[in-house]
Amino acid sequence: MIALDHVTKRYGTTAALDDVSLTLGDVGVTALLGPNGAGKSTLFSVVGRLIQADAGTVTIDGRDVAETPSSDLARTLAVLRQDNHIAARLTVHDLVEFGRFPHSKGRLTVEDREHIERALDYLDLGPLRDRFLDELSGGQRQRAFVAMILAQDTRYVLLDEPLNNLDLRHMTEIMRLIRRLADELGKTVIVVLHDINFAARYADRIVALRDGRVVADHDVSGFMRPEVLADIYDSPVEVHQIDGKPVALYYE
Amino acid sequence: MLIDVVEAPAPSRRRLTWSSPAVRIGLLGAIVVALAAVYLFTDIPGSFTFALRVRSLTIAAMAVVAVAVGVSTVVFHTITGNRILTPSIMGFDAFYMLVSTVIVFVAGGVAFLRTDALTLWAVQVLVMVAFSTLLFTWLFGGKRRSLHLMLLVGIVLGTFFRSLTEWMQRMLDPLDFQILTDTAFASLTRPDPSLLAATAAIVAGGCAAIVPLVRTLDVLSLGESAAVGLGVNHRRVVMTLFVIVSVMVAASTALVGPILFFGLIVANLAYSYAGTFRHRWTLPAAALLGAVFLLAGQLILEQVFSFGASLSIVIEFAGGLFFLVLVLRKGAR
C-alpha cells in the first residue's frame with residue numbers, strides 16, 4: 001500500500017497538495033484524474049521521493065519514503081515521468097538495462113539479463129532492441145520506457161501521463177498494456193490520465209484531485225456520474241451508456 | 001506495427017572490431033604514445049638527457065591536464081544534463097585571472113614572482129574550489145536546483161570578474177602588466193616539479209574517487225527524475241561529483257593557467273568517438289583525446305609557428321575545424 005498521511009506541499013503560497021490523506025494500491029489499476037494544476041504530478045513527485053513534502057508522511061508498504069534508502073525503494077516502486085529527455089544516445093536495450101540498476105548496481109547477472117529479455121519480449125521490442133531512442137516513434141519510445149520500468153521488477157508502478165503526445169492507436173495500446181501489467185503480472189499500477197473515458201474503460205478505481213485536494217474517489221461506476229464529473233471539471237458533462245459502458249461527453 | 005523495421009545488413013567482421021569501444025580507446029592510446037615519442041625525441045639541440053628531462057616534465061603536465069579537463073568536462077556534462085557546457089561556466093578561468101591580478105595589483109609584480117609557487121598554487125586552488133562550490137551549492141544543490149539560473153549567474157559573475165580584472169590591469173605599470181600577461185595563457189612547458197606532483201596527486205585522487213561512481217554516472221545521464229526512480233541519491237552523488245570536478249579543474253588551472261577551453265571539443269569528440277554513452281569508455285576517451293590535442297597542439301606550436309602563437313589558438317583552431325566536420329557529417333547521415 002502507498003499511504004499518504006496529511007501530506008502538504010506548497011509552491012510559494014499556493015498549495016499543490018493540501019493536507020492530502022489517501023491510500024493507493026489496493027486494486028490493479030488506479031487512475032488519477034483532475035484538471036491542470038490539480039497536484040497530480042506533485043503527488044507523484046512526493047511519492048517518488050523527487051521532492052519532499054512540507055508536512056505529512058508518505059509510506060510504501062509501511063516504510064517512510066523520507067527515511068528509507070532510495071535504492072531500497074527503487075526495488076518496490078518504479079516511476080515513469082512525463083519528461084523523458086535524455087542527452088545521451090541510448091539504444092532500447094541500453095535503456096531497458098537501466099531498469100536493473102536498483103538490483104545489480106550496473107553489473108548485470110544472468111537473472112538480470114533474463115528480466116531484460118522478458119521485458120523486451122513483453123513489449124514486442126525485440127526487433128527494435130538495437131535502435132537508438134531518437135530513431136523511434138513516440139509510441140515506440142513510450143514502450144521502451146515502460147519496458148525499463150518492467151525490468152525494474154517492482155510491485156508498484158507509477159506512470160505520469162503516459163498517453164501524452166500519442167495518437168489514438170498508441171494510446172489504446174499503452175492502456176491495454178497497463179491493464180495487462182495489472183492482470184497478468186500482478187502489478188499495482190497508478191496512472192495519471194487526462195481523458196475520463198480512458199480512465200473509465202481501463203481503470204478499476206478513479207481518484208480525482210482538484211486544487212491539491214482529493215475531490216472524488218470511486219470505482220468506475222461511482223465515478224462516471226454527471227454530478228461527480230461536473231463538480232471536478234466545473235463544466236457540464238453528460239454520461240451515456242454505450243454497449244453497457246459509461247462514456248462521458250464533454251464536448252459541449 | 002513493426003513493418004517499418006528495416007533489417008540492418010550484417011556488419012562485416014572488420015566493422016565489428018572497429019565498433020568495439022575497447023579497440024577504439026586502445027588505438028587512441030597508441031596515438032598518444034606515438035605523439036609523446038615524437039615530442040620527446042625530435043629536434044634535440046643540446047644535451048640529450050637535459051632535453052629529455054625537461055620534455056618529460058612537459059608531457060607529464062600535459063597528461064595531468066588532459067585527464068583533469070577531459071574527465072571533469074564529461075562528468076560536468078552528465079551532472080548538468082547538458083553537453084554544451086564546460087566547468088568554466090563556474091568561473092574557474094575568470095577567477096584564476098582575478099586572483100593573479102589582485103596579487104599583482106596589491107603586492108606588485110616582483111612580489112608576485114617571488115611568492116613561493118606552491119603557496120600561490122594552493123591559494124588559487126582554494127579560492128577557485130570555494131567559489132565554485134559555493135555557486136553550485138547555492139544554485140544547483142539547494143531548493144532551487146535551476147541549471148539555467150546557475151548558468152546565468154555564472155556568466156554574469158564571470159563577466160564581472162573579467163571586467164574587474166581588466167580594470168585593475170589598466171592601472172598596473174607596464175612591467176607588472178607584462179608579468180601578468182604571461183600567466184593569462186596556458187603554458188605547459190617547464191612546469192614546476194613540485195606543483196606538478198601536487199596537481200598529479202589531486203587529479204589521480206579525483207579519478208580514483210570517480211571510478212566507483214562510473215555506473216552511477218551512466219544512470220545520471222538519464223536525467224534526474226529517472227535516476228532518482230532507479231534509486232540514486234541524486235543530490236548527494238551530484239554534489240560529490242561536483243566537488244571532485246572542481247578540485248581537479250582548480251588544481252590543473254592553477255598549474256598551467258586557463259585551460260578549460262578545449263574541454264568542450266574533447267568531450268564531444270569523445271562521445272562520438274567512443275560510440276557509447278557509457279562512462280567506462282567516454283571518460284578515458286576524453287582524457288586520451290585531450291592528450292592528443294595537447295601533444296599535437298604543442299608540436300604544431302613549436303614546429304610550425306616556432307612559438308609565434310599560443311597553444312589555445314592552435315588547439316581551438318584545429319579542434320574547432322575537426323568539430324565542425326564531425327557535426328556536418330552527422331547532419332548528412
# chains A, B, ... in the order shown; residues from 1 in each chain; ligands from 1
$ interface_residues --of "chain A" --to "chain B" --cutoff "7 Å" --atoms "only C-alpha atoms" --output "list in words"
Gly48, Leu50, Ser70, Ser71, Leu73, Ala74, Ala78, Val79, Ile86, Ala87, Ala88, Arg89, Leu90, Phe98, Phe101, Pro102 and Gly106 of chain A
$ write_last_selection --atoms "N, CA, C and O atoms" --output "PDB file, in the first residue's frame"
ATOM      1  N   GLY A  48       7.302   9.503  -5.315  1.00  0.00           N
ATOM      2  CA  GLY A  48       8.531   9.018  -5.951  1.00  0.00           C
ATOM      3  C   GLY A  48       9.776   9.668  -5.393  1.00  0.00           C
ATOM      4  O   GLY A  48      10.814   9.644  -6.023  1.00  0.00           O
ATOM      5  N   LEU A  50      10.998  12.514  -5.333  1.00  0.00           N
ATOM      6  CA  LEU A  50      11.702  13.512  -6.132  1.00  0.00           C
ATOM      7  C   LEU A  50      11.669  14.861  -5.430  1.00  0.00           C
ATOM      8  O   LEU A  50      12.601  15.638  -5.520  1.00  0.00           O
ATOM      9  N   SER A  70      16.948   5.243  -0.809  1.00  0.00           N
ATOM     10  CA  SER A  70      16.380   5.364  -2.146  1.00  0.00           C
ATOM     11  C   SER A  70      16.528   4.079  -2.945  1.00  0.00           C
ATOM     12  O   SER A  70      15.634   3.675  -3.689  1.00  0.00           O
ATOM     13  N   SER A  71      17.648   3.397  -2.771  1.00  0.00           N
ATOM     14  CA  SER A  71      17.890   2.193  -3.574  1.00  0.00           C
ATOM     15  C   SER A  71      16.954   1.056  -3.160  1.00  0.00           C
ATOM     16  O   SER A  71      16.611   0.204  -3.974  1.00  0.00           O
ATOM     17  N   LEU A  73      13.806   1.569  -2.060  1.00  0.00           N
ATOM     18  CA  LEU A  73      12.507   1.929  -2.632  1.00  0.00           C
ATOM     19  C   LEU A  73      12.457   1.618  -4.122  1.00  0.00           C
ATOM     20  O   LEU A  73      11.408   1.261  -4.655  1.00  0.00           O
ATOM     21  N   ALA A  74      13.586   1.756  -4.789  1.00  0.00           N
ATOM     22  CA  ALA A  74      13.622   1.535  -6.231  1.00  0.00           C
ATOM     23  C   ALA A  74      13.332   0.087  -6.596  1.00  0.00           C
ATOM     24  O   ALA A  74      13.080  -0.237  -7.748  1.00  0.00           O
ATOM     25  N   ALA A  78       8.399   1.821  -9.068  1.00  0.00           N
ATOM     26  CA  ALA A  78       9.009   2.366 -10.283  1.00  0.00           C
ATOM     27  C   ALA A  78       8.158   3.537 -10.754  1.00  0.00           C
ATOM     28  O   ALA A  78       6.941   3.476 -10.718  1.00  0.00           O
ATOM     29  N   VAL A  79       8.812   4.605 -11.164  1.00  0.00           N
ATOM     30  CA  VAL A  79       8.094   5.797 -11.589  1.00  0.00           C
ATOM     31  C   VAL A  79       8.505   6.163 -13.012  1.00  0.00           C
ATOM     32  O   VAL A  79       9.689   6.272 -13.314  1.00  0.00           O
ATOM     33  N   ILE A  86      16.591  12.635 -22.750  1.00  0.00           N
ATOM     34  CA  ILE A  86      17.884  12.066 -22.399  1.00  0.00           C
ATOM     35  C   ILE A  86      18.941  12.666 -23.313  1.00  0.00           C
ATOM     36  O   ILE A  86      18.823  12.616 -24.534  1.00  0.00           O
ATOM     37  N   ALA A  87      19.962  13.248 -22.702  1.00  0.00           N
ATOM     38  CA  ALA A  87      21.007  13.889 -23.501  1.00  0.00           C
ATOM     39  C   ALA A  87      21.868  12.844 -24.211  1.00  0.00           C
ATOM     40  O   ALA A  87      22.310  13.047 -25.335  1.00  0.00           O
ATOM     41  N   ALA A  88      22.078  11.695 -23.556  1.00  0.00           N
ATOM     42  CA  ALA A  88      22.936  10.668 -24.137  1.00  0.00           C
ATOM     43  C   ALA A  88      22.172   9.898 -25.202  1.00  0.00           C
ATOM     44  O   ALA A  88      20.943   9.893 -25.226  1.00  0.00           O
ATOM     45  N   ARG A  89      22.923   9.254 -26.090  1.00  0.00           N
ATOM     46  CA  ARG A  89      22.295   8.497 -27.157  1.00  0.00           C
ATOM     47  C   ARG A  89      22.274   7.022 -26.758  1.00  0.00           C
ATOM     48  O   ARG A  89      23.312   6.363 -26.728  1.00  0.00           O
ATOM     49  N   LEU A  90      21.086   6.501 -26.438  1.00  0.00           N
ATOM     50  CA  LEU A  90      20.981   5.127 -25.969  1.00  0.00           C
ATOM     51  C   LEU A  90      20.165   4.292 -26.926  1.00  0.00           C
ATOM     52  O   LEU A  90      19.271   4.794 -27.598  1.00  0.00           O
ATOM     53  N   PHE A  98      18.943  -0.347 -17.783  1.00  0.00           N
ATOM     54  CA  PHE A  98      18.949   0.541 -16.618  1.00  0.00           C
ATOM     55  C   PHE A  98      17.902   0.135 -15.595  1.00  0.00           C
ATOM     56  O   PHE A  98      18.043   0.424 -14.410  1.00  0.00           O
ATOM     57  N   PHE A 101      19.263  -1.548 -12.626  1.00  0.00           N
ATOM     58  CA  PHE A 101      20.252  -0.868 -11.776  1.00  0.00           C
ATOM     59  C   PHE A 101      19.951  -1.005 -10.277  1.00  0.00           C
ATOM     60  O   PHE A 101      20.868  -1.260  -9.487  1.00  0.00           O
ATOM     61  N   PRO A 102      18.686  -0.862  -9.859  1.00  0.00           N
ATOM     62  CA  PRO A 102      18.424  -0.988  -8.411  1.00  0.00           C
ATOM     63  C   PRO A 102      18.778  -2.370  -7.874  1.00  0.00           C
ATOM     64  O   PRO A 102      19.049  -2.512  -6.690  1.00  0.00           O
ATOM     65  N   GLY A 106      24.361  -2.069 -11.841  1.00  0.00           N
ATOM     66  CA  GLY A 106      25.051  -1.945 -13.117  1.00  0.00           C
ATOM     67  C   GLY A 106      25.871  -3.153 -13.534  1.00  0.00           C
ATOM     68  O   GLY A 106      26.316  -3.236 -14.666  1.00  0.00           O
TER      69      GLY A 106
END
$ closest_residue --among "B:Leu299, B:Val245, B:Leu328, B:Ala22" --to "Thr58 (chain B)" --atoms "only C-alpha atoms"
B:Leu299
$ residues_around --residues "region 122-124 of chain B" --least-positions-apart "3" --cutoff "6 Å" --atoms "only C-alpha atoms" --output "PyMOL selection string"
chain B and resi 119+127+254
$ write_last_selection --atoms "C-alpha atoms" --output "short mmCIF file (atom, residue, chain, number, x, y, z; two decimals), in the first residue's frame"
data_model
loop_
_atom_site.label_atom_id
_atom_site.label_comp_id
_atom_site.auth_asym_id
_atom_site.auth_seq_id
_atom_site.Cartn_x
_atom_site.Cartn_y
_atom_site.Cartn_z
CA THR B 119 51.74 28.81 -1.86
CA VAL B 127 39.81 30.19 -3.82
CA ALA B 254 46.37 26.78 -11.07
#
$ residues_around --residues "region 29-42 of chain B" --least-positions-apart "6" --cutoff "10 Å" --atoms "only C-alpha atoms" --output "number ranges by chain"
B: 23, 48, 51-56, 58-59, 62-63, 284-285, 287-296, 298-299, 302
$ residues_around --residues "Asp234 (chain A)" --least-positions-apart "6" --cutoff "12 Å" --atoms "only C-alpha atoms" --output "list of chain:residue names"
A:Gly34, A:Pro35, A:Arg210, A:Pro226, A:Glu227, A:Val228, A:Tyr250
$ select_by_dssp --residues "region 6-245 of chain A" --states "strand (DSSP E or B)" --output "VMD selection string"
chain A and resid 6 to 11 14 to 24 29 to 33 55 to 60 63 to 64 77 to 80 91 132 156 to 160 188 to 192 205 to 210 213 to 219 238 to 242 245
$ residues_around --residues "His148 (chain B)" --least-positions-apart "2" --cutoff "12 Å" --atoms "only C-alpha atoms" --output "PDB file with N, CA and C atoms, in the first residue's frame"
ATOM      1  N   THR B  80      24.979  17.976 -15.277  1.00  0.00           N
ATOM      2  CA  THR B  80      24.090  19.082 -15.627  1.00  0.00           C
ATOM      3  C   THR B  80      23.117  18.685 -16.733  1.00  0.00           C
ATOM      4  N   GLY B  81      23.315  17.514 -17.317  1.00  0.00           N
ATOM      5  CA  GLY B  81      22.441  17.071 -18.407  1.00  0.00           C
ATOM      6  C   GLY B  81      22.547  17.960 -19.627  1.00  0.00           C
ATOM      7  N   ASN B  82      23.727  18.502 -19.864  1.00  0.00           N
ATOM      8  CA  ASN B  82      23.895  19.458 -20.943  1.00  0.00           C
ATOM      9  C   ASN B  82      25.292  19.291 -21.530  1.00  0.00           C
ATOM     10  N   LEU B  85      28.270  22.698 -22.233  1.00  0.00           N
ATOM     11  CA  LEU B  85      28.887  23.478 -21.164  1.00  0.00           C
ATOM     12  C   LEU B  85      30.285  22.963 -20.890  1.00  0.00           C
ATOM     13  N   ILE B  89      32.036  27.527 -16.827  1.00  0.00           N
ATOM     14  CA  ILE B  89      30.854  28.324 -16.547  1.00  0.00           C
ATOM     15  C   ILE B  89      30.802  28.686 -15.055  1.00  0.00           C
ATOM     16  N   PHE B 136      27.683  26.554  -6.893  1.00  0.00           N
ATOM     17  CA  PHE B 136      26.960  25.347  -7.258  1.00  0.00           C
ATOM     18  C   PHE B 136      25.965  24.944  -6.172  1.00  0.00           C
ATOM     19  N   LEU B 139      22.975  27.432  -6.122  1.00  0.00           N
ATOM     20  CA  LEU B 139      22.041  27.490  -7.238  1.00  0.00           C
ATOM     21  C   LEU B 139      21.621  26.134  -7.776  1.00  0.00           C
ATOM     22  N   PHE B 140      22.365  25.105  -7.426  1.00  0.00           N
ATOM     23  CA  PHE B 140      22.019  23.823  -8.029  1.00  0.00           C
ATOM     24  C   PHE B 140      21.743  22.776  -6.971  1.00  0.00           C
ATOM     25  N   ARG B 144      16.367  25.403  -5.088  1.00  0.00           N
ATOM     26  CA  ARG B 144      16.063  25.916  -6.419  1.00  0.00           C
ATOM     27  C   ARG B 144      16.372  24.912  -7.516  1.00  0.00           C
ATOM     28  N   ARG B 145      17.592  24.350  -7.469  1.00  0.00           N
ATOM     29  CA  ARG B 145      18.053  23.367  -8.447  1.00  0.00           C
ATOM     30  C   ARG B 145      17.809  23.820  -9.871  1.00  0.00           C
ATOM     31  N   SER B 146      18.194  25.029 -10.164  1.00  0.00           N
ATOM     32  CA  SER B 146      17.930  25.505 -11.512  1.00  0.00           C
ATOM     33  C   SER B 146      19.232  25.642 -12.283  1.00  0.00           C
ATOM     34  N   MET B 150      21.834  28.926 -12.639  1.00  0.00           N
ATOM     35  CA  MET B 150      23.259  28.771 -12.363  1.00  0.00           C
ATOM     36  C   MET B 150      24.098  29.274 -13.536  1.00  0.00           C
ATOM     37  N   LEU B 151      23.661  28.931 -14.738  1.00  0.00           N
ATOM     38  CA  LEU B 151      24.380  29.390 -15.935  1.00  0.00           C
ATOM     39  C   LEU B 151      24.402  30.901 -16.000  1.00  0.00           C
ATOM     40  N   LEU B 152      23.235  31.466 -15.791  1.00  0.00           N
ATOM     41  CA  LEU B 152      23.107  32.913 -15.903  1.00  0.00           C
ATOM     42  C   LEU B 152      23.992  33.604 -14.873  1.00  0.00           C
ATOM     43  N   VAL B 153      23.896  33.152 -13.618  1.00  0.00           N
ATOM     44  CA  VAL B 153      24.704  33.764 -12.568  1.00  0.00           C
ATOM     45  C   VAL B 153      26.187  33.554 -12.865  1.00  0.00           C
ATOM     46  N   GLY B 154      26.523  32.337 -13.350  1.00  0.00           N
ATOM     47  CA  GLY B 154      27.916  32.042 -13.693  1.00  0.00           C
ATOM     48  C   GLY B 154      28.437  32.989 -14.747  1.00  0.00           C
ATOM     49  N   ILE B 155      27.644  33.220 -15.783  1.00  0.00           N
ATOM     50  CA  ILE B 155      28.069  34.091 -16.874  1.00  0.00           C
ATOM     51  C   ILE B 155      28.195  35.541 -16.393  1.00  0.00           C
TER      52      ILE B 155
END
$ select_by_dssp --residues "region 45-228 of chain B" --states "helix (DSSP H, G or I)" --output "VMD selection string"
chain B and resid 48 to 80 87 to 90 92 to 107 109 to 114 117 to 141 147 to 170 174 to 184 193 to 220 224 to 228
$ residues_around --residues "region 172-175 of chain A" --least-positions-apart "2" --cutoff "9 Å" --atoms "only C-alpha atoms" --output "compact mmCIF listing (two decimals) with C-alpha atoms, in the first residue's frame"
# COMPACT_ATOMS: atom_id res chain seq x y z
CA GLY A 139 4.66 5.18 -29.21
CA GLN A 142 6.97 5.11 -24.65
CA ARG A 143 7.00 1.33 -24.86
CA PRO A 162 1.87 8.02 -20.36
CA LEU A 163 -0.55 8.93 -23.14
CA ASP A 167 -2.10 9.08 -31.30
CA LEU A 168 -5.28 7.12 -30.77
CA ARG A 169 -3.87 3.75 -31.67
CA HIS A 170 -0.86 4.11 -29.42
CA LEU A 177 -0.62 -2.78 -21.78
CA ILE A 178 -1.25 -1.14 -18.41
CA ARG A 179 -4.22 -3.44 -17.95
CA ARG A 180 -2.07 -6.45 -18.75
CA PHE A 198 -9.75 6.11 -20.98
CA ALA A 199 -9.83 6.03 -17.19
CA TYR A 202 -9.26 0.68 -18.22
$ atom_distance --atom1 "CA of Leu24 (chain A)" --atom2 "CA of Ile190 (chain A)"
7.8 Å
$ atom_distance --atom1 "CA of Ala66 (chain B)" --atom2 "CA of Ile210 (chain B)"
15.9 Å
$ closest_residue --among "B:Leu149, B:Pro21, B:Leu217, B:Ala198" --to "Lys105 (chain A)" --atoms "only C-alpha atoms"
B:Leu217
$ closest_residue --among "B:Leu188, B:Gln303, B:Thr253, B:Thr137" --to "Asp43 (chain B)" --atoms "only C-alpha atoms"
B:Gln303
